[in-house]
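Have a look at my_file-v8.cif; it's mmCIF, C-alpha atoms:
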```cif
data_final
#
loop_
_atom_site.label_atom_id
_atom_site.label_comp_id
_atom_site.auth_asym_id
_atom_site.auth_seq_id
_atom_site.Cartn_x
_atom_site.Cartn_y
_atom_site.Cartn_z
CA MET A 215 -21.55 4.65 -53.49
CA SER A 216 -20.20 7.78 -55.15
CA ASP A 217 -18.01 7.67 -58.21
CA ARG A 218 -15.78 10.39 -56.90
CA GLU A 219 -13.84 8.91 -54.06
CA GLU A 220 -11.59 11.15 -52.06
CA PRO A 221 -7.92 10.34 -52.58
CA ARG A 222 -6.43 8.50 -49.67
CA PRO A 223 -3.94 10.70 -47.77
CA SER A 224 -0.34 9.68 -48.11
CA LEU A 225 1.71 8.36 -45.22
CA VAL A 226 3.76 11.55 -45.03
CA SER A 227 0.71 13.80 -45.02
CA ARG A 228 -0.82 11.72 -42.22
CA TYR A 229 2.21 11.42 -39.94
CA ALA A 230 4.14 14.62 -40.71
CA THR A 231 1.59 17.30 -40.01
CA ARG A 232 2.15 20.20 -37.63
CA GLY A 233 -0.02 18.59 -34.96
CA ALA A 234 1.83 15.30 -35.32
CA LEU A 235 5.18 17.03 -34.91
CA ILE A 236 3.99 18.68 -31.68
CA TYR A 237 2.79 15.25 -30.50
CA TYR A 238 6.18 13.68 -31.30
CA ALA A 239 7.97 16.50 -29.49
CA LEU A 240 5.85 15.96 -26.36
CA VAL A 241 6.44 12.19 -26.23
CA LEU A 242 10.14 12.49 -27.14
CA PRO A 243 11.33 12.91 -23.50
CA ALA A 244 9.75 9.55 -22.65
CA LEU A 245 11.69 7.90 -25.48
CA VAL A 246 14.92 9.61 -24.39
CA ALA A 247 14.38 8.50 -20.78
CA GLN A 248 13.79 4.93 -21.90
CA ALA A 249 16.94 5.01 -24.02
CA VAL A 250 18.94 6.31 -21.03
CA PHE A 251 17.58 3.58 -18.73
CA SER A 252 18.02 0.75 -21.24
CA ILE A 253 21.61 1.80 -22.04
CA ALA A 254 22.34 1.86 -18.30
CA ILE A 255 20.93 -1.66 -17.97
CA VAL A 256 22.91 -3.03 -20.91
CA SER A 257 26.18 -1.35 -19.97
CA THR A 258 26.18 -2.75 -16.43
CA PRO A 259 29.08 -5.26 -16.25
CA GLY A 260 28.50 -8.65 -14.68
CA ASP A 261 24.78 -8.50 -15.12
CA LEU A 262 22.85 -10.70 -12.72
CA LEU A 263 20.84 -12.35 -15.49
CA THR A 264 23.94 -13.24 -17.47
CA ARG A 265 25.59 -14.83 -14.49
CA ALA A 266 22.55 -16.63 -13.20
CA ALA A 267 21.20 -18.12 -16.38
CA PRO A 268 22.44 -21.48 -17.63
CA GLY A 269 22.67 -20.22 -21.24
CA GLY A 270 24.78 -17.14 -20.51
CA THR A 271 25.52 -16.31 -24.15
CA LEU A 272 21.90 -16.38 -25.19
CA VAL A 273 20.87 -14.21 -22.27
CA ALA A 274 23.70 -11.77 -22.98
CA GLY A 275 22.53 -11.50 -26.60
CA ALA A 276 18.94 -10.93 -25.46
CA VAL A 277 20.05 -8.25 -22.99
CA ALA A 278 22.07 -6.53 -25.74
CA LEU A 279 18.89 -6.28 -27.83
CA PHE A 280 16.94 -4.79 -24.92
CA PRO A 281 17.23 -1.09 -25.98
CA GLU A 282 16.11 -1.80 -29.55
CA VAL A 283 13.16 -3.93 -28.42
CA LEU A 284 12.12 -1.35 -25.84
CA LEU A 285 12.32 1.51 -28.32
CA ALA A 286 10.40 -0.48 -30.95
CA ALA A 287 7.62 -1.21 -28.45
CA SER A 288 7.55 2.47 -27.44
CA VAL A 289 7.33 3.62 -31.06
CA TYR A 290 4.44 1.17 -31.55
CA ALA A 291 2.73 2.66 -28.47
CA ILE A 292 3.17 6.18 -29.87
CA VAL A 293 1.91 5.32 -33.36
CA SER A 294 -1.06 3.29 -32.08
CA PHE A 295 -2.00 5.88 -29.41
CA ARG A 296 -1.50 3.66 -26.39
CA PRO A 297 -0.45 5.95 -23.52
CA SER A 298 -0.74 3.25 -20.86
CA LEU A 299 1.72 1.01 -22.75
CA LEU A 300 4.25 3.84 -23.15
CA VAL A 301 4.04 4.84 -19.48
CA ALA A 302 4.25 1.19 -18.37
CA LEU A 303 7.39 0.64 -20.47
CA LEU A 304 8.94 3.84 -19.10
CA ILE A 305 8.27 2.90 -15.48
CA ALA A 306 9.37 -0.71 -16.00
CA SER A 307 12.66 0.39 -17.59
CA PHE A 308 13.20 2.87 -14.72
CA PHE A 309 12.53 0.15 -12.18
CA VAL A 310 14.92 -2.33 -13.78
CA ALA A 311 17.63 0.33 -14.27
CA ALA A 312 17.37 1.53 -10.68
CA SER A 313 17.58 -2.05 -9.42
CA VAL A 314 20.29 -3.50 -11.68
CA ALA A 315 22.40 -0.71 -13.17
CA ASN A 316 25.46 0.60 -11.36
CA GLY A 317 24.89 4.16 -12.53
CA ILE A 318 22.57 6.10 -14.83
CA ALA A 319 24.23 8.76 -16.98
CA PHE A 320 22.56 11.36 -19.20
CA LEU A 321 24.73 13.50 -21.51
CA GLY A 322 27.78 12.60 -19.45
CA ALA A 323 26.23 13.59 -16.11
CA GLN A 324 25.54 10.96 -13.46
CA LEU A 325 21.93 10.90 -12.24
CA ASP A 326 21.04 9.86 -8.70
CA LEU A 327 17.69 8.32 -7.75
CA GLY A 328 16.01 11.69 -7.12
CA ASP A 329 17.07 12.98 -10.55
CA THR A 330 15.79 9.85 -12.28
CA VAL A 331 12.45 10.09 -10.45
CA ILE A 332 12.10 13.71 -11.59
CA LEU A 333 13.02 12.63 -15.15
CA VAL A 334 10.39 9.87 -15.09
CA VAL A 335 7.65 12.14 -13.68
CA ALA A 336 8.40 14.95 -16.14
CA ALA A 337 8.58 12.57 -19.13
CA THR A 338 5.33 10.85 -18.08
CA PHE A 339 3.53 14.16 -17.66
CA LEU A 340 4.70 15.44 -21.05
CA ALA A 341 3.81 12.13 -22.73
CA LEU A 342 0.29 12.21 -21.28
CA ALA A 343 -0.06 15.84 -22.39
CA GLY A 344 1.10 14.76 -25.86
CA PHE A 345 -1.48 11.97 -26.04
CA ASN A 346 -4.16 14.39 -24.87
CA TYR A 347 -3.13 16.86 -27.57
CA ALA A 348 -3.07 14.15 -30.24
CA ARG A 349 -6.54 12.97 -29.20
CA GLY A 350 -7.80 16.54 -29.60
CA VAL A 351 -6.19 16.80 -33.05
CA LYS A 352 -7.80 13.52 -34.12
CA LEU A 353 -11.22 14.62 -32.85
CA LEU A 354 -10.98 17.99 -34.62
CA ALA A 355 -9.96 16.28 -37.88
CA GLY A 356 -8.71 19.46 -39.48
CA ARG A 357 -11.38 21.78 -38.07
CA HIS A 358 -10.33 24.80 -36.07
CA PRO A 359 -11.08 24.57 -32.35
CA VAL A 360 -13.11 27.28 -30.63
CA VAL A 361 -10.73 28.45 -27.94
CA THR A 362 -12.42 31.72 -27.04
CA SER A 363 -15.02 31.94 -24.30
CA SER A 364 -17.68 34.50 -23.65
CA GLY A 365 -17.84 33.69 -19.93
CA PRO A 366 -16.37 35.70 -17.09
CA PHE A 367 -12.62 35.96 -16.87
CA GLY A 368 -12.61 34.17 -13.53
CA TYR A 369 -14.20 31.06 -15.02
CA ASN A 370 -11.68 31.02 -17.84
CA ALA A 371 -8.80 31.35 -15.39
CA LEU A 372 -10.28 28.59 -13.22
CA GLY A 373 -10.70 26.29 -16.23
CA LEU A 374 -7.13 26.87 -17.35
CA ALA A 375 -5.85 26.30 -13.83
CA LEU A 376 -7.76 23.03 -13.43
CA GLU A 377 -6.74 21.79 -16.86
CA SER A 378 -3.06 22.67 -16.94
CA VAL A 379 -1.64 24.25 -13.78
CA PHE A 380 -3.23 21.92 -11.23
CA PRO A 381 -1.93 18.61 -12.73
CA LEU A 382 1.56 20.07 -13.14
CA ALA A 383 1.55 21.46 -9.59
CA ALA A 384 0.27 18.13 -8.26
CA ALA A 385 3.03 16.22 -10.08
CA LEU A 386 5.74 18.56 -8.77
CA ALA A 387 4.32 18.43 -5.23
CA LEU A 388 4.31 14.64 -5.46
CA VAL A 389 7.99 14.58 -6.47
CA VAL A 390 8.99 16.94 -3.65
CA LEU A 391 6.92 15.04 -1.08
CA VAL A 392 8.26 11.62 -2.09
CA GLU A 393 11.87 12.81 -2.10
CA THR A 394 11.48 14.45 1.33
CA VAL A 395 9.78 11.44 2.91
CA VAL A 396 12.23 8.90 1.46
CA GLY A 397 15.16 11.08 2.53
CA ASP A 398 13.84 11.33 6.10
CA LEU A 399 13.03 7.64 6.40
CA GLY A 400 16.72 6.72 6.68
CA ALA A 401 17.14 8.88 9.79
CA GLU A 402 13.85 7.68 11.27
CA ALA A 403 14.73 4.00 10.73
CA ALA A 404 17.74 4.37 13.05
CA ARG A 405 15.40 5.31 15.92
CA LEU A 406 13.42 2.07 15.75
CA PRO A 407 14.04 -0.51 18.51
CA ALA A 408 16.70 -3.16 17.81
CA PRO A 409 16.86 -5.27 15.71
CA LEU A 410 14.27 -3.46 13.56
CA SER A 411 16.55 -0.41 13.29
CA ALA A 412 19.42 -2.47 11.84
CA LEU A 413 17.12 -4.35 9.46
CA ALA A 414 15.34 -1.19 8.29
CA SER A 415 18.61 0.72 7.84
CA LEU A 416 20.14 -2.12 5.80
CA TYR A 417 16.98 -2.34 3.70
CA LEU A 418 16.95 1.40 3.01
CA GLN A 419 20.63 1.36 2.05
CA SER A 420 20.02 -1.17 -0.72
CA ARG A 421 18.89 0.01 -4.16
CA ILE A 422 15.96 -2.39 -4.24
CA GLY A 423 14.85 -1.05 -0.87
CA ILE A 424 15.05 2.57 -2.03
CA VAL A 425 13.09 1.78 -5.20
CA PHE A 426 10.39 -0.15 -3.36
CA THR A 427 10.12 2.51 -0.65
CA THR A 428 9.91 5.28 -3.26
CA LEU A 429 7.19 3.44 -5.14
CA PHE A 430 5.30 2.72 -1.91
CA VAL A 431 5.42 6.34 -0.72
CA ALA A 432 4.45 7.63 -4.18
CA GLY A 433 1.58 5.13 -4.36
CA ALA A 434 0.33 6.14 -0.91
CA ALA A 435 0.49 9.85 -1.81
CA ILE A 436 -1.39 9.27 -5.09
CA TRP A 437 -3.97 7.19 -3.22
CA VAL A 438 -4.55 10.00 -0.71
CA MET A 439 -4.90 12.55 -3.53
CA ARG A 440 -7.38 10.30 -5.31
CA GLN A 441 -9.41 9.81 -2.14
CA PHE A 442 -9.81 13.56 -1.74
CA LEU A 443 -10.43 14.36 -5.41
CA GLU A 444 -12.74 11.50 -6.40
CA PRO A 445 -15.90 12.59 -4.49
CA VAL A 446 -15.49 16.18 -5.70
CA ILE A 447 -15.07 15.12 -9.34
CA LEU A 448 -17.98 12.69 -9.03
CA HIS A 449 -20.20 15.42 -7.62
CA PHE A 450 -19.63 17.66 -10.62
CA THR A 451 -19.42 15.11 -13.43
CA LEU A 452 -21.59 12.10 -12.57
CA ASN A 453 -24.74 11.57 -14.63
CA PRO A 454 -27.71 9.44 -13.46
CA THR A 455 -26.91 6.50 -15.77
CA ASP A 456 -23.33 6.18 -14.53
CA ALA A 457 -24.50 6.70 -10.96
CA ARG A 458 -26.91 3.76 -11.24
CA LYS A 459 -24.11 1.60 -12.66
CA GLU A 460 -21.83 2.62 -9.78
CA LEU A 461 -24.48 1.79 -7.19
CA LEU A 462 -25.20 -1.58 -8.78
CA ALA A 463 -21.48 -2.35 -8.88
CA GLU A 464 -21.19 -1.44 -5.20
CA ILE A 465 -24.00 -3.72 -4.06
CA GLU A 466 -23.20 -6.53 -6.50
CA PRO A 467 -21.05 -8.62 -4.08
CA THR A 468 -23.79 -8.44 -1.44
CA THR A 469 -26.57 -9.37 -3.87
CA LYS A 470 -24.52 -12.26 -5.21
CA GLY A 471 -24.03 -13.60 -1.69
CA VAL A 472 -27.73 -13.23 -0.87
CA ARG A 473 -28.73 -15.04 -4.09
CA LYS A 474 -26.30 -17.84 -3.31
CA VAL A 475 -27.74 -18.28 0.19
CA ALA A 476 -31.31 -18.14 -1.12
CA ARG A 477 -30.65 -20.78 -3.77
CA TYR A 478 -28.89 -23.17 -1.39
CA ARG A 479 -30.71 -26.47 -0.99
CA PRO A 480 -29.19 -29.15 1.25
CA SER A 481 -28.69 -32.41 -0.65
CA GLY A 482 -29.68 -35.84 0.63
CA GLY A 483 -26.09 -37.08 0.61
CA LEU A 484 -26.43 -39.20 -2.52
CA ALA A 485 -23.84 -37.15 -4.38
CA TRP A 486 -21.28 -37.64 -1.62
CA GLY A 487 -21.94 -41.40 -1.62
CA LEU A 488 -21.45 -41.59 -5.37
CA LEU A 489 -18.28 -39.55 -5.12
CA THR A 490 -16.89 -41.87 -2.44
CA VAL A 491 -17.67 -44.98 -4.49
CA ALA A 492 -16.10 -43.41 -7.60
CA TYR A 493 -13.00 -42.48 -5.57
CA CYS A 494 -12.63 -46.06 -4.27
CA LEU A 495 -13.12 -47.51 -7.74
CA GLY A 496 -10.48 -45.14 -9.11
CA LEU A 497 -8.02 -46.23 -6.41
CA ILE A 498 -8.63 -49.92 -7.13
CA ALA A 499 -8.23 -49.36 -10.87
CA ALA A 500 -4.98 -47.43 -10.33
CA MET A 501 -3.56 -50.20 -8.13
CA ALA A 502 -4.60 -52.88 -10.63
CA ILE A 503 -2.92 -50.99 -13.48
CA PHE A 504 0.27 -49.76 -11.85
CA LEU A 505 1.20 -52.60 -9.48
CA PRO A 506 3.29 -55.49 -10.87
CA ARG A 507 1.37 -58.28 -12.58
CA GLY A 508 -0.39 -60.59 -10.12
CA GLU A 509 0.59 -58.59 -7.03
CA PHE A 510 -2.72 -56.79 -6.68
CA SER A 511 -4.76 -59.99 -6.80
CA ARG A 512 -2.32 -61.76 -4.44
CA ASP A 513 -2.44 -58.92 -1.88
CA LEU A 514 -6.20 -58.74 -2.19
CA LEU A 515 -6.61 -62.44 -1.58
CA SER A 516 -4.18 -62.26 1.36
CA ALA A 517 -6.16 -59.39 2.86
CA LEU A 518 -9.43 -61.29 2.48
CA ALA A 519 -7.90 -64.44 3.98
CA LEU A 520 -6.52 -62.35 6.89
CA HIS A 521 -2.93 -63.45 6.20
CA ALA A 522 -0.05 -61.01 6.16
CA PRO A 523 1.13 -60.56 2.56
CA SER A 524 4.62 -61.76 1.83
CA THR A 525 7.09 -59.03 0.93
CA THR A 526 8.39 -59.02 -2.63
CA PRO A 527 11.92 -57.74 -3.49
CA LEU A 528 10.40 -54.66 -5.15
CA GLU A 529 8.38 -53.83 -2.03
CA GLN A 530 11.49 -54.33 0.14
CA LEU A 531 13.40 -51.92 -2.08
CA ILE A 532 10.65 -49.30 -1.86
CA GLU A 533 10.44 -49.71 1.92
CA ASN A 534 14.20 -49.23 2.33
CA SER A 535 14.26 -46.15 0.14
CA VAL A 536 11.31 -44.65 2.06
CA GLN A 537 13.08 -45.28 5.36
CA ASN A 538 16.24 -43.63 4.02
CA THR A 539 14.21 -40.61 2.90
CA VAL A 540 12.63 -40.28 6.33
CA VAL A 541 16.05 -40.35 7.99
CA ARG A 542 17.34 -37.70 5.54
CA ILE A 543 14.35 -35.45 6.24
CA ASN A 544 14.95 -35.78 9.98
CA ILE A 545 18.58 -34.70 9.55
CA LEU A 546 17.59 -31.71 7.39
CA TYR A 547 14.96 -30.68 9.92
CA ALA A 548 17.51 -30.79 12.74
CA GLN A 549 19.94 -28.71 10.67
CA SER A 550 17.28 -26.11 9.85
CA GLN A 551 16.47 -25.85 13.56
CA ASP A 552 20.13 -25.08 14.25
CA TYR A 553 20.16 -22.40 11.51
CA ILE A 554 17.04 -20.74 12.95
CA ARG A 555 18.58 -20.75 16.42
CA GLU A 556 21.73 -19.06 15.05
CA ILE A 557 19.67 -16.38 13.28
CA ILE A 558 17.67 -15.70 16.45
CA GLN A 559 20.91 -15.43 18.44
CA LEU A 560 22.33 -12.97 15.88
CA LEU A 561 19.21 -10.80 15.96
CA TRP A 562 18.28 -10.80 19.62
CA GLY A 563 21.53 -11.87 21.27
CA MET B 127 -32.17 19.06 3.89
CA ALA B 128 -31.07 15.80 2.47
CA THR B 129 -34.46 14.36 1.64
CA SER B 130 -35.97 13.75 -1.69
CA GLY B 131 -39.57 13.78 -2.78
CA THR B 132 -42.20 16.45 -2.85
CA GLY B 133 -44.81 15.74 -0.19
CA PRO B 134 -44.41 15.83 3.56
CA GLY B 135 -45.06 12.08 3.78
CA THR B 136 -42.32 11.18 1.35
CA PRO B 137 -39.85 8.86 3.08
CA ARG B 138 -36.29 9.96 3.51
CA ARG B 139 -34.32 8.24 0.77
CA PHE B 140 -30.79 9.25 1.47
CA ALA B 141 -29.47 10.68 4.70
CA ALA B 142 -27.21 13.67 5.04
CA ALA B 143 -25.83 11.93 8.11
CA SER B 144 -23.66 9.74 5.87
CA LEU B 145 -22.14 12.88 4.33
CA TRP B 146 -21.42 14.49 7.67
CA ILE B 147 -20.08 11.27 9.19
CA GLY B 148 -17.81 10.91 6.14
CA VAL B 149 -16.59 14.48 6.47
CA ALA B 150 -16.01 13.94 10.19
CA LEU B 151 -13.99 10.79 9.49
CA ILE B 152 -11.90 12.67 6.91
CA ALA B 153 -11.28 15.45 9.44
CA ILE B 154 -10.25 12.89 12.07
CA SER B 155 -7.93 11.21 9.54
CA ILE B 156 -6.25 14.56 8.87
CA TYR B 157 -5.81 14.98 12.64
CA PHE B 158 -4.13 11.55 12.80
CA PHE B 159 -1.85 12.41 9.85
CA LEU B 160 -0.81 15.62 11.62
CA ALA B 161 -0.32 13.67 14.85
CA SER B 162 1.90 11.25 12.94
CA VAL B 163 4.08 14.11 11.71
CA THR B 164 4.22 15.57 15.21
CA LEU B 165 5.19 12.24 16.74
CA ILE B 166 8.03 11.72 14.31
CA SER B 167 9.42 15.25 14.69
CA PRO B 168 11.93 16.24 17.41
CA PRO B 169 11.91 16.14 20.40
CA THR B 170 9.41 13.23 20.60
CA GLN B 171 10.54 10.99 17.75
CA ALA B 172 8.26 8.07 18.56
CA VAL B 173 8.52 6.24 15.25
CA VAL B 174 6.26 3.26 16.05
CA ALA B 175 3.50 5.50 17.43
CA ALA B 176 3.80 7.73 14.36
CA LEU B 177 3.46 4.73 12.05
CA LEU B 178 0.38 3.54 13.95
CA SER B 179 -1.10 7.01 13.78
CA ALA B 180 -0.52 7.17 10.01
CA ILE B 181 -2.17 3.75 9.54
CA ILE B 182 -5.23 4.90 11.56
CA GLY B 183 -5.33 8.01 9.38
CA PHE B 184 -5.29 5.93 6.18
CA VAL B 185 -8.08 3.67 7.42
CA MET B 186 -10.26 6.61 8.53
CA LEU B 187 -9.64 8.46 5.27
CA SER B 188 -10.68 5.39 3.28
CA ALA B 189 -13.85 4.95 5.34
CA GLY B 190 -14.76 8.65 5.17
CA THR B 191 -14.25 9.04 1.45
CA THR B 192 -16.18 5.83 0.78
CA LEU B 193 -19.13 7.23 2.72
CA VAL B 194 -18.97 10.58 0.90
CA ARG B 195 -18.63 8.86 -2.46
CA THR B 196 -21.62 6.62 -1.83
CA TYR B 197 -23.62 9.67 -0.68
CA VAL B 198 -22.76 11.57 -3.87
CA VAL B 199 -23.67 8.62 -6.12
CA ALA B 200 -26.92 7.91 -4.26
CA ARG B 201 -27.89 11.58 -4.37
CA VAL B 202 -27.47 11.72 -8.13
CA VAL B 203 -29.58 8.59 -8.55
CA GLU B 204 -32.33 9.75 -6.20
CA GLN B 205 -32.57 13.19 -7.74
CA ASN B 206 -33.01 11.69 -11.21
CA PRO B 207 -35.49 8.79 -10.83
CA LYS B 208 -36.37 6.85 -13.95
#
```
Please re-express this file's structure in structure tokens.
Amino acid sequence: MSDREEPRPSLVSRYATRGALIYYALVLPALVAQAVFSIAIVSTPGDLLTRAAPGGTLVAGAVALFPEVLLAASVYAIVSFRPSLLVALLIASFFVAASVANGIAFLGAQLDLGDTVILVVAATFLALAGFNYARGVKLLAGRHPVVTSSGPFGYNALGLALESVFPLAAALALVVLVETVVGDLGAEAARLPAPLSALASLYLQSRIGIVFTTLFVAGAAIWVMRQFLEPVILHFTLNPTDARKELLAEIEPTTKGVRKVARYRPSGGLAWGLLTVAYCLGLIAAMAIFLPRGEFSRDLLSALALHAPSTTPLEQLIENSVQNTVVRINILYAQSQDYIREIIQLLWG
Amino acid sequence: MATSGTGPGTPRRFAAASLWIGVALIAISIYFFLASVTLISPPTQAVVAALLSAIIGFVMLSAGTTLVRTYVVARVVEQNPK
């Protein structure tokens, strides 16, 4: 151990460098978007949670603290370099705001669903770029990066395009595609056969329906993009070690099944016999413990002597209550049948 | 040729057929996606048929890309034996 230890950097010198400021600037839109969504959630009058919960005051107080808690969690995600947590909080706040809030306003202007989706996509993209930049700064640790290349200009242009232009273009194309498809779905739903057309139109007119449909279409588009890109990226980046791991992971379910079949040995039935005896003993013990004193032995003796056991007042009470329950269930079943018939008549006439 | 090994008697370890079948399935899935768009556009506007066509496209795309992915992974492993 050396006598001369390097002085530990101060908090300001660690978190207020030029690179850190660029990182904060890139993740700032995500924080702003979360603040907008959380304020919209809190400022919605007659909130569903407040009305539904038994302790309305407590829930109202918890909802009022929602923006502060959300921002604190986001700041923690930024400081501890957790991009997935920040993006998850952003998308969750967007989802709740789009479902619950009456309107989302930003700097006095009302945002519709398309605007909020664009805001979320842009903020997510910038936040991920910020985390990528911060990771590079941490890896360099003060050293200057080599950003010049001696290769052909075409390769440099291709590298830049794949690194920066392609993700941005893909994100923008995704936004345009999702907005177009969701916008057209309303018109297409009206052409479905009845009663599907009415049900689909009503679903697409609700905010929950729009949010779920948007998420579904976006998920499907991302899945298709991934399906096309994954083999290409694997072809250029996969090394033999990772390839072996991938292959083993692919055949693992099959090998597990084969091993299970190979190890299977039929038993002689002794275990089942023991289980049955244990089950019967457990039943007898439960009856001896929980039945009133003397009743178990009396019923047992009556059963062995082939005489019908006499009914005690407690048993009569239980029998009456069981019969009442059966009658109540029959009435409820008949009522539910009537409700289902009414719904079918409403839908199909 | 999608064989590995050096000698003429070396058995074929991975088949290029899986690659070409995967590519063919992807091409067919694109055809079904385009058919879905055509079916939903005027003057046809057969929504149910378009939905079915899109679902067939998704299934074929999944199958095709799985085949291509497995081919790529197996090729890397076979070209770099331990």
Margin query: Give me, as an NGL selection string, all polymer residues having an atom no more than 12 Å from Val185 in chain B, counting all atoms listed in the file and skipping those fewer than 3 positions away in the same chain.
Written below: (:A and (437-438 or 441)) or (:B and (151-152 or 154-156 or 158-159 or 178-182 or 188-192))
Note to self: For a quick test of understanding: name the residues of chain A lying within 7 Å of chain B when counting all atoms listed in the file, and present them as a VMD selection string.
What the structure shows: chain A and resid 402 405 to 406 441 445 449 454 457 to 458 461
Margin query: If I take CA of Pro297 in chain A and CA of Glu282 in chain A, how far is one from the other in Å, to one decimal?
Written below: 19.3 Å
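The coordinates place CA of Leu321 in chain A at 21.0 Å from CA of Tyr238 in chain A.
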Notebook entry, point to check: What is the distance, in Å and to one decimal place, between CA of Thr338 in chain A and CA of Pro243 in chain A?
Noted result: 8.3 Å
Note to self: Can you tell me which residues surround Ser294 in chain A at a distance of at most 12 Å, considering all atoms listed in the file, apart from same-chain residues fewer than 5 positions away, and format the answer as a VMD selection string?
What the structure shows: chain A and resid 229 287 to 289 299 to 300 345 348 to 349
Using the partial input, fill out range 448-460 of chain A with N, CA and C atoms; write the result as a PDB file, keeping the file's coordinate frame.
```
ATOM      1  N   LEU A 448     -16.721  13.396  -8.829  1.00  0.00           N
ATOM      2  CA  LEU A 448     -17.980  12.690  -9.030  1.00  0.00           C
ATOM      3  C   LEU A 448     -19.167  13.638  -8.881  1.00  0.00           C
ATOM      4  N   HIS A 449     -19.095  14.502  -7.881  1.00  0.00           N
ATOM      5  CA  HIS A 449     -20.200  15.420  -7.620  1.00  0.00           C
ATOM      6  C   HIS A 449     -20.482  16.317  -8.822  1.00  0.00           C
ATOM      7  N   PHE A 450     -19.435  16.728  -9.516  1.00  0.00           N
ATOM      8  CA  PHE A 450     -19.630  17.660 -10.620  1.00  0.00           C
ATOM      9  C   PHE A 450     -19.809  16.978 -11.971  1.00  0.00           C
ATOM     10  N   THR A 451     -19.424  15.714 -12.098  1.00  0.00           N
ATOM     11  CA  THR A 451     -19.420  15.110 -13.430  1.00  0.00           C
ATOM     12  C   THR A 451     -20.352  13.910 -13.575  1.00  0.00           C
ATOM     13  N   LEU A 452     -20.852  13.350 -12.465  1.00  0.00           N
ATOM     14  CA  LEU A 452     -21.590  12.100 -12.570  1.00  0.00           C
ATOM     15  C   LEU A 452     -22.986  12.324 -13.147  1.00  0.00           C
ATOM     16  N   ASN A 453     -23.361  11.506 -14.126  1.00  0.00           N
ATOM     17  CA  ASN A 453     -24.740  11.570 -14.630  1.00  0.00           C
ATOM     18  C   ASN A 453     -25.548  10.404 -14.052  1.00  0.00           C
ATOM     19  N   PRO A 454     -26.883  10.466 -14.127  1.00  0.00           N
ATOM     20  CA  PRO A 454     -27.710   9.440 -13.460  1.00  0.00           C
ATOM     21  C   PRO A 454     -27.420   8.021 -13.951  1.00  0.00           C
ATOM     22  N   THR A 455     -27.147   7.848 -15.246  1.00  0.00           N
ATOM     23  CA  THR A 455     -26.910   6.500 -15.770  1.00  0.00           C
ATOM     24  C   THR A 455     -25.647   5.892 -15.143  1.00  0.00           C
ATOM     25  N   ASP A 456     -24.575   6.682 -15.140  1.00  0.00           N
ATOM     26  CA  ASP A 456     -23.330   6.180 -14.530  1.00  0.00           C
ATOM     27  C   ASP A 456     -23.497   5.968 -13.037  1.00  0.00           C
ATOM     28  N   ALA A 457     -24.288   6.836 -12.404  1.00  0.00           N
ATOM     29  CA  ALA A 457     -24.500   6.700 -10.960  1.00  0.00           C
ATOM     30  C   ALA A 457     -25.200   5.383 -10.646  1.00  0.00           C
ATOM     31  N   ARG A 458     -26.214   5.031 -11.464  1.00  0.00           N
ATOM     32  CA  ARG A 458     -26.910   3.760 -11.240  1.00  0.00           C
ATOM     33  C   ARG A 458     -25.939   2.583 -11.414  1.00  0.00           C
ATOM     34  N   LYS A 459     -25.089   2.674 -12.451  1.00  0.00           N
ATOM     35  CA  LYS A 459     -24.110   1.600 -12.660  1.00  0.00           C
ATOM     36  C   LYS A 459     -23.170   1.473 -11.457  1.00  0.00           C
ATOM     37  N   GLU A 460     -22.737   2.633 -10.940  1.00  0.00           N
ATOM     38  CA  GLU A 460     -21.830   2.620  -9.780  1.00  0.00           C
ATOM     39  C   GLU A 460     -22.506   1.974  -8.580  1.00  0.00           C
TER      40      GLU A 460
END
```
